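Written below as C-alpha cells is the structure these notes are about.
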Protein chains: 2
Amino acid sequence: MTTPLQDRHVSLAHGNGGRLMRELIEHVFQRHLGNDVLDTAADASCLPATELSGDWMVTTDGFTVDPLEFPGGDIGSLCIHGTVNDLAVSGATPVYLTLNAFIEEGVPMDLLIRVVASMACACQECDVRIVAGDTKVLRRGQGGGIYFATTGIGIRPPGLNLGLDSLREGDELVVSGAVGDHGTAVLLAREQFGLSGDLISDAASVLPITRILCGLPGLKFMRDPTRGGLATVSHDIAKATGHTVRLQEAMIPVRDPVRSVCEILGYDPLYLASEGQVLAAFAPGEGSKAVQALHAAGYMEAAQIGRVEGEKALVVLETPIGGERVLNELENDPLPRIC
Amino acid sequence: MTTPLQDRHVSLAHGNGGRLMRELIEHVFQRHLGNDVLDTAADASCLPATELSGDWMVTTDGFTVDPLEFPGGDIGSLCIHGTVNDLAVSGATPVYLTLNAFIEEGVPMDLLIRVVASMACACQECDVRIVAGDTKVLRRGQGGGIYFATTGIGIRPPGLNLGLDSLREGDELVVSGAVGDHGTAVLLAREQFGLSGDLISDAASVLPITRILCGLPGLKFMRDPTRGGLATVSHDIAKATGHTVRLQEAMIPVRDPVRSVCEILGYDPLYLASEGQVLAAFAPGEGSKAVQALHAAGYMEAAQIGRVEGEKALVVLETPIGGERVLNELENDPLPRIC
C-alpha cells in the first residue's frame, strides 16, 4: 500500500499522468474495480476467452446525469446498468466493460469514491468486469461534475438475431413494467423544480427480464426505453417498418407519482426515460404469452401495450375513451442530462 | 436521403434521442464513419470474425484537447490515432473502435463535421472501423467544446507478450523520433501564450513503427509517451522494475523549436506529450540494432537514449557535461487538456 489519497477534491494534477493520477487510479478505480484482467499499468488488456459461445457484440454509451446521485442510483451504477442493458436487449450476455471517466476539477473525492463503489456493486451484480479504463480531469467550468463513457462487450448465442429489421405488421408490443420512473426521479432530484416525492428511479439491470424473453417463441426485438422514452422507441419501430405503431394508453403502466409530476410540469411520461424496463416485440399471437411469463416471474406490471398495424409510419395513441392522438417524434429536449 | 442538417450549431435537442439527434447521427457520424458493421439503429453491433489469429486486446482513452484543431491534427484524428497507438504498442493490430462524443451546446456544426471527417480519414489510414457510437450533448458551459472517448479492440499475435513486467536491469531504451512535438504544437496553438511558430504536432499512427519493432529480437516493452511525456514513461519503468532509468540527455532527440519554446516558457520537453513516437525497451545488446532498423526504415531521429541500470527506482538524466539530474515524477500539470 502506498499513501492513501490526501486530497479532498479532484485537481487537474489528478489527470496529468503523474504521481497524483497514479494514486487516484490505484486508490479509487483499482481498489474498487480491480480484477484479474484489469491492468492499470498497461496500454491494453488481454481478454481471456469465455465459456460462452456465440457472436461477440459491442455497444457504447455516454452518461451525463444531473444530479450525479439520485433516488435509486447514481451515475456509477447507471453507466454499468445502461451498458449492460444495451447488450441484454440485443440478446447478449455482457462480459467485459471499458470505462472512461471525465471528472471536473473540484469534484469532492468522497463523491467520486461513492460513485465508483456503486459502479463496483453494479458490476458484481451483473457479473461483468471492467477491463480497461482512462481518466481525464476537466478544468473547473468545463464539465458537469462527472461524465462516464462505457463500452460493453458481450456474447450473443448463435442464431439469435433480434433487430428492428425483423419486425412486421401485426407484431405485438410488450413492456416489462411501468415507464418514466427514471426520468421523473431524476427530475424530482433537481431542486430547481421545487418538487419532492418518494419516487425512485427504476435504474437496474434488465438481464433478468431479457433472459426470460429470450426463451420465449416469437421474440423479434427488445429495447430499453431510455432517452426519449417509450414514444421514441415506438418511432424507431415505425420508421424501421414503415407501419404505424398503435399504443393503447389504458394498457401502458405508469405509476401514479409519475403521472402526477407529469401533470404538474406538463411532461408526457411516454417521452420520459426508464432505465430498468424492456419494450419487446413479438410475432402475432405471442405477446400475451410473454406477458404471462413476465407475470409468473414477478413482473406484475408487464403488459401488452400495442401492435404494429397500419399504413403510415406514425405512432398513434388510442385513448381510453376511444379517441386517437398522434405522438410526434421528440423535438425539443424536455429534460437534458437525464442519463 | 432525408433532409440535410439545417442547424448551424449543435443544440441540446441534438442529444435527446429524437428527430434532430437522428439527423445528426445520420448526416454527420453515419455519413463519414459508416461501414458494414456500424448499425446506428441498433443497441449493440455484432463483430465479424477477422482473419487475424491471436488474443483479443482492448484499450480505452478519453480526449479533451484544447484547441480542438491544432497544427498537424484535431481531436478527431487524435482520438483515432491515440487509441490505435495504445493497441499498437501492446503489439496488437487494431480492428474495431467504439466512439463516444460529448458535444457542448453551441459547437459550430461545420467544426463538428470537419472533426468527424478527419476521424474518418484516420480510420481509413489505420484500417479500423468504428462499430458502435453514442452522442451526448452537454449544456453550454458544461463542456469544453467536444470530448471524445474511444475504445479500441485489436488482435495480438499468439505468444507476443510485451509489458513492464518483463523488463530487467540492463535493458536498453530506444525512442523512435523527436519528443515533445505534440505538447508544444498544442501549446503554441493556444493564443494565451502569445507565441507562434510553424511546429506541427507529430500526432499519427505508430503502427508503421511498432510493426518494425515487433519483428526485432529482444523487444520487451513499447509505449507511446503521451500525457506526461518521456519522463513519465521512464518513471513507469523505474517503478515497475525497482531499478533506475538512466537517460542520456545528449541522445534524446528534441527539435529546435520545441527546445526554444520550452526555454521561453520554462517547460521541460521530456514531460511534454508526443503522439506519434514510441519508447521501446530491448534486451541488453539489442537496442542499437533496433535503432539501425528504424534508421533503415526512414526514422532518422531514432536513438538509443538510455538503459535500466542501478539500485533505486529513480529516473536520472545524464547531462552532456557529465553531470546528473534526477527527473522527478510529474506533480503539477504544466499543460492540461493536451490530449
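Every chain in the C-alpha cells takes a letter, A first, then B, and so on in the order presented; its residues are numbered from 1, and the ligands are numbered from 1 following the presented order.
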**Request:** List every residue of stretch 39-261 of chain B that DSSP, applied to the backbone of this structure, assigns to strand (DSSP E), and report them as an MDAnalysis selection string.
**Result:** chainID B and resid 45:46 55:63 69:70 73:74 93:104 129:138 146:156 172:175 219:223 245:248
Export of the given selection (C-alpha atoms) as a compact mmCIF listing (two decimals), in the first residue's frame:
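Final output, part_14.txt:
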# COMPACT_ATOMS: atom_id res chain seq x y z
CA SER B 45 -23.17 -4.34 -33.05
CA CYS B 46 -22.09 -7.84 -33.94
CA ASP B 55 -5.54 -12.74 -28.35
CA TRP B 56 -8.23 -10.06 -28.28
CA MET B 57 -6.84 -6.86 -26.75
CA VAL B 58 -8.89 -3.91 -25.51
CA THR B 59 -7.96 -0.34 -24.64
CA THR B 60 -9.86 2.86 -23.96
CA ASP B 61 -8.95 6.54 -23.92
CA GLY B 62 -10.57 9.94 -23.44
CA PHE B 63 -9.67 13.06 -25.43
CA GLU B 69 -7.95 21.85 -34.09
CA PHE B 70 -4.20 22.35 -33.97
CA GLY B 73 -4.28 17.32 -36.39
CA ASP B 74 -7.51 17.80 -34.50
CA THR B 93 -3.29 -4.93 -34.76
CA PRO B 94 -6.27 -2.61 -34.20
CA VAL B 95 -9.50 -3.80 -35.81
CA TYR B 96 -12.59 -2.22 -34.24
CA LEU B 97 -13.28 1.04 -32.40
CA THR B 98 -16.23 2.45 -30.48
CA LEU B 99 -16.81 6.19 -30.17
CA ASN B 100 -18.47 8.34 -27.52
CA ALA B 101 -18.99 12.00 -28.34
CA PHE B 102 -19.74 14.60 -25.67
CA ILE B 103 -20.57 17.78 -27.58
CA GLU B 104 -21.19 21.14 -25.94
CA ARG B 129 -13.79 0.58 -38.32
CA ILE B 130 -15.99 2.36 -35.79
CA VAL B 131 -18.59 -0.27 -34.91
CA ALA B 132 -20.64 1.45 -32.19
CA GLY B 133 -21.15 5.01 -31.03
CA ASP B 134 -23.08 7.30 -28.73
CA THR B 135 -23.63 11.05 -28.60
CA LYS B 136 -24.45 13.25 -25.63
CA VAL B 137 -24.97 16.98 -25.84
CA LEU B 138 -23.78 18.99 -22.83
CA ILE B 146 -16.01 18.39 -27.80
CA TYR B 147 -14.77 15.45 -25.75
CA PHE B 148 -14.35 12.02 -27.29
CA ALA B 149 -13.88 8.64 -25.66
CA THR B 150 -12.77 5.79 -27.86
CA THR B 151 -12.40 2.11 -27.09
CA GLY B 152 -10.20 0.00 -29.35
CA ILE B 153 -10.30 -3.74 -29.94
CA GLY B 154 -7.42 -5.48 -31.67
CA ILE B 155 -5.68 -8.79 -32.03
CA ARG B 156 -2.21 -9.60 -30.74
CA GLU B 172 18.11 -0.70 -23.38
CA LEU B 173 15.73 2.15 -24.20
CA VAL B 174 15.12 3.30 -27.75
CA VAL B 175 12.94 6.18 -28.93
CA LEU B 219 11.75 -6.48 -27.76
CA LYS B 220 10.23 -6.36 -24.26
CA PHE B 221 8.02 -3.30 -23.98
CA MET B 222 6.68 -0.39 -26.03
CA ARG B 223 4.77 2.74 -25.06
CA VAL B 245 16.21 4.52 -15.56
CA ARG B 246 19.32 6.37 -16.78
CA LEU B 247 18.71 8.66 -19.75
CA GLN B 248 21.46 10.37 -21.71
Each residue of stretch 166-194 of chain A with at least one atom at most 12 Å from stretch 264-276 of chain A should appear once, together with its nearest atom pair and the corresponding distance in Å (one decimal); atoms considered: only C-alpha atoms; ordering: chain, then increasing residue number; output as a tab-separated table.
residue	atom	partner	partner_atom	distance
A:Val175	CA	A:Gly276	CA	10.9
A:Ser176	CA	A:Gly276	CA	8.9
A:Gly177	CA	A:Gly276	CA	8.6
A:Ala178	CA	A:Ser274	CA	8.3
A:Val179	CA	A:Ser274	CA	5.6
A:Gly180	CA	A:Leu272	CA	4.7
A:Asp181	CA	A:Ser274	CA	5.8
A:His182	CA	A:Ser274	CA	5.0
A:Gly183	CA	A:Ala273	CA	4.7
A:Thr184	CA	A:Leu272	CA	7.1
A:Ala185	CA	A:Ala273	CA	9.8
A:Val186	CA	A:Ala273	CA	9.7
A:Leu187	CA	A:Leu272	CA	10.0
A:Leu188	CA	A:Leu265	CA	10.8
A:Phe193	CA	A:Leu265	CA	8.7
A:Gly194	CA	A:Leu265	CA	10.9
Output for the residues just chosen: all heavy atoms as a compact mmCIF listing (two decimals), in the first residue's frame:
# COMPACT_ATOMS: atom_id res chain seq x y z
N VAL A 175 -44.44 -4.39 -22.76
CA VAL A 175 -43.50 -3.67 -21.89
C VAL A 175 -43.41 -4.41 -20.56
O VAL A 175 -44.39 -4.97 -20.08
CB VAL A 175 -43.89 -2.18 -21.73
CG1 VAL A 175 -45.13 -2.02 -20.86
CG2 VAL A 175 -42.74 -1.36 -21.15
N SER A 176 -42.20 -4.42 -19.99
CA SER A 176 -41.96 -5.26 -18.81
C SER A 176 -42.46 -4.64 -17.51
O SER A 176 -42.57 -5.33 -16.50
CB SER A 176 -40.46 -5.53 -18.67
OG SER A 176 -39.77 -4.30 -18.49
N GLY A 177 -42.74 -3.33 -17.52
CA GLY A 177 -43.18 -2.68 -16.29
C GLY A 177 -43.47 -1.21 -16.53
O GLY A 177 -43.47 -0.74 -17.67
N ALA A 178 -43.69 -0.48 -15.44
CA ALA A 178 -44.10 0.92 -15.53
C ALA A 178 -43.00 1.78 -16.16
O ALA A 178 -41.83 1.59 -15.88
CB ALA A 178 -44.45 1.45 -14.14
N VAL A 179 -43.41 2.75 -16.97
CA VAL A 179 -42.44 3.59 -17.68
C VAL A 179 -42.33 5.00 -17.08
O VAL A 179 -43.24 5.48 -16.41
CB VAL A 179 -42.79 3.71 -19.19
CG1 VAL A 179 -42.77 2.32 -19.83
CG2 VAL A 179 -44.12 4.40 -19.40
N GLY A 180 -41.17 5.62 -17.31
CA GLY A 180 -40.96 7.02 -16.93
C GLY A 180 -40.42 7.22 -15.53
O GLY A 180 -40.19 8.36 -15.11
N ASP A 181 -40.19 6.14 -14.78
CA ASP A 181 -39.75 6.29 -13.38
C ASP A 181 -38.38 6.97 -13.29
O ASP A 181 -38.16 7.83 -12.44
CB ASP A 181 -39.65 4.92 -12.69
CG ASP A 181 -41.01 4.36 -12.34
OD1 ASP A 181 -42.01 4.84 -12.91
OD2 ASP A 181 -41.08 3.46 -11.48
N HIS A 182 -37.45 6.58 -14.15
CA HIS A 182 -36.11 7.16 -14.05
C HIS A 182 -36.13 8.65 -14.35
O HIS A 182 -35.62 9.46 -13.57
CB HIS A 182 -35.13 6.45 -14.98
CG HIS A 182 -33.77 7.08 -14.98
ND1 HIS A 182 -32.91 6.95 -13.92
CD2 HIS A 182 -33.15 7.89 -15.87
CE1 HIS A 182 -31.81 7.64 -14.18
NE2 HIS A 182 -31.93 8.22 -15.35
N GLY A 183 -36.74 9.01 -15.47
CA GLY A 183 -36.80 10.42 -15.84
C GLY A 183 -37.44 11.26 -14.74
O GLY A 183 -36.95 12.34 -14.40
N THR A 184 -38.52 10.74 -14.18
CA THR A 184 -39.24 11.50 -13.16
C THR A 184 -38.43 11.59 -11.86
O THR A 184 -38.39 12.65 -11.22
CB THR A 184 -40.62 10.85 -12.88
OG1 THR A 184 -41.24 10.56 -14.12
CG2 THR A 184 -41.49 11.77 -12.07
N ALA A 185 -37.77 10.50 -11.49
CA ALA A 185 -36.97 10.52 -10.25
C ALA A 185 -35.81 11.50 -10.36
O ALA A 185 -35.50 12.24 -9.41
CB ALA A 185 -36.45 9.11 -9.94
N VAL A 186 -35.16 11.56 -11.52
CA VAL A 186 -34.05 12.50 -11.71
C VAL A 186 -34.56 13.93 -11.69
O VAL A 186 -33.97 14.83 -11.09
CB VAL A 186 -33.29 12.18 -13.02
CG1 VAL A 186 -32.28 13.27 -13.34
CG2 VAL A 186 -32.59 10.82 -12.91
N LEU A 187 -35.71 14.12 -12.32
CA LEU A 187 -36.34 15.43 -12.35
C LEU A 187 -36.65 15.92 -10.92
O LEU A 187 -36.34 17.05 -10.54
CB LEU A 187 -37.60 15.27 -13.17
CG LEU A 187 -38.49 16.42 -13.57
CD1 LEU A 187 -39.27 16.00 -14.80
CD2 LEU A 187 -39.46 16.75 -12.45
N LEU A 188 -37.21 15.03 -10.12
CA LEU A 188 -37.55 15.40 -8.74
C LEU A 188 -36.29 15.69 -7.94
O LEU A 188 -36.30 16.49 -7.00
CB LEU A 188 -38.34 14.28 -8.05
CG LEU A 188 -39.79 14.12 -8.50
CD1 LEU A 188 -40.42 12.93 -7.80
CD2 LEU A 188 -40.59 15.39 -8.21
N PHE A 193 -36.91 22.36 -9.58
CA PHE A 193 -38.34 22.20 -9.82
C PHE A 193 -39.17 22.39 -8.55
O PHE A 193 -40.38 22.46 -8.62
CB PHE A 193 -38.62 20.82 -10.44
CG PHE A 193 -38.07 20.69 -11.82
CD1 PHE A 193 -36.91 19.98 -12.05
CD2 PHE A 193 -38.69 21.32 -12.89
CE1 PHE A 193 -36.40 19.87 -13.34
CE2 PHE A 193 -38.19 21.23 -14.17
CZ PHE A 193 -37.03 20.50 -14.40
N GLY A 194 -38.52 22.44 -7.40
CA GLY A 194 -39.23 22.71 -6.16
C GLY A 194 -40.25 21.65 -5.79
O GLY A 194 -41.19 21.91 -5.06
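You will find atom CA of B:His243 at 4.5 Å from atom CA of B:Ala313.
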**Request:** For atom CA of B:Asn332 and atom CA of A:Ile25, determine how far apart the two atoms are, in Å to one decimal place.
**Result:** 16.4 Å
**Item:** DSSP-assigned alpha helix (DSSP H) members of stretch 96-338 of chain A, reported as an MDAnalysis selection string
**Value:** chainID A and resid 109:126 181:189 207:214 229:241 256:265 287:296
Next, the residues of the selection above should be written as a short mmCIF file (atom, residue, chain, number, x, y, z; two decimals), in the first residue's frame with C-alpha atoms.
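Result went into part09.cif, see below:
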data_model
loop_
_atom_site.label_atom_id
_atom_site.label_comp_id
_atom_site.auth_asym_id
_atom_site.auth_seq_id
_atom_site.Cartn_x
_atom_site.Cartn_y
_atom_site.Cartn_z
CA MET A 109 -13.18 12.92 -3.61
CA ASP A 110 -15.84 11.39 -1.33
CA LEU A 111 -18.45 11.71 -4.03
CA LEU A 112 -16.17 10.15 -6.64
CA ILE A 113 -15.41 7.25 -4.31
CA ARG A 114 -19.11 6.65 -3.59
CA VAL A 115 -19.89 6.64 -7.30
CA VAL A 116 -17.04 4.25 -8.14
CA ALA A 117 -18.02 1.93 -5.27
CA SER A 118 -21.59 1.91 -6.57
CA MET A 119 -20.23 1.05 -10.01
CA ALA A 120 -18.35 -1.86 -8.48
CA CYS A 121 -21.56 -3.19 -6.87
CA ALA A 122 -23.39 -2.97 -10.18
CA CYS A 123 -20.54 -4.82 -11.92
CA GLN A 124 -20.69 -7.60 -9.36
CA GLU A 125 -24.46 -7.87 -9.59
CA CYS A 126 -24.28 -8.11 -13.41
CA ASP A 181 -39.75 6.29 -13.38
CA HIS A 182 -36.11 7.16 -14.05
CA GLY A 183 -36.80 10.42 -15.84
CA THR A 184 -39.24 11.50 -13.16
CA ALA A 185 -36.97 10.52 -10.25
CA VAL A 186 -34.05 12.50 -11.71
CA LEU A 187 -36.34 15.43 -12.35
CA LEU A 188 -37.55 15.40 -8.74
CA ALA A 189 -33.95 15.22 -7.55
CA LEU A 207 -30.80 -9.08 -17.71
CA PRO A 208 -33.36 -10.99 -15.58
CA ILE A 209 -36.06 -9.71 -17.93
CA THR A 210 -34.24 -10.31 -21.22
CA ARG A 211 -33.30 -13.84 -20.12
CA ILE A 212 -36.99 -14.65 -19.71
CA LEU A 213 -37.95 -13.04 -23.00
CA CYS A 214 -35.13 -14.72 -24.96
CA GLY A 229 -38.83 7.07 -23.59
CA LEU A 230 -41.42 4.67 -24.95
CA ALA A 231 -42.59 7.15 -27.60
CA THR A 232 -39.10 7.34 -29.11
CA VAL A 233 -38.64 3.56 -29.32
CA SER A 234 -42.10 3.42 -30.92
CA HIS A 235 -40.90 5.93 -33.52
CA ASP A 236 -37.83 3.80 -34.18
CA ILE A 237 -40.17 0.86 -34.87
CA ALA A 238 -42.48 2.91 -37.09
CA LYS A 239 -39.54 4.23 -39.11
CA ALA A 240 -37.93 0.82 -39.49
CA THR A 241 -41.12 -0.97 -40.54
CA ASP A 256 -49.33 7.48 -10.01
CA PRO A 257 -46.48 9.69 -8.79
CA VAL A 258 -45.05 9.77 -12.34
CA ARG A 259 -48.44 10.74 -13.69
CA SER A 260 -48.87 13.46 -11.04
CA VAL A 261 -45.46 15.02 -11.61
CA CYS A 262 -46.00 14.98 -15.37
CA GLU A 263 -49.36 16.68 -14.99
CA ILE A 264 -47.91 19.40 -12.78
CA LEU A 265 -44.93 20.09 -15.02
CA GLY A 287 -47.46 -11.13 -26.93
CA SER A 288 -49.97 -12.32 -24.33
CA LYS A 289 -47.85 -15.41 -23.56
CA ALA A 290 -44.87 -13.14 -22.97
CA VAL A 291 -46.95 -11.06 -20.54
CA GLN A 292 -47.97 -14.25 -18.71
CA ALA A 293 -44.34 -15.34 -18.48
CA LEU A 294 -43.33 -11.97 -17.05
CA HIS A 295 -46.20 -12.01 -14.54
CA ALA A 296 -45.21 -15.53 -13.48
#
**Message:** What's the separation between atom CA of B:Val278 and atom CA of B:Ile321, in Å to one decimal place?
**Reply:**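 Atom CA of B:Ile321 lies 27.0 Å from atom CA of B:Val278.
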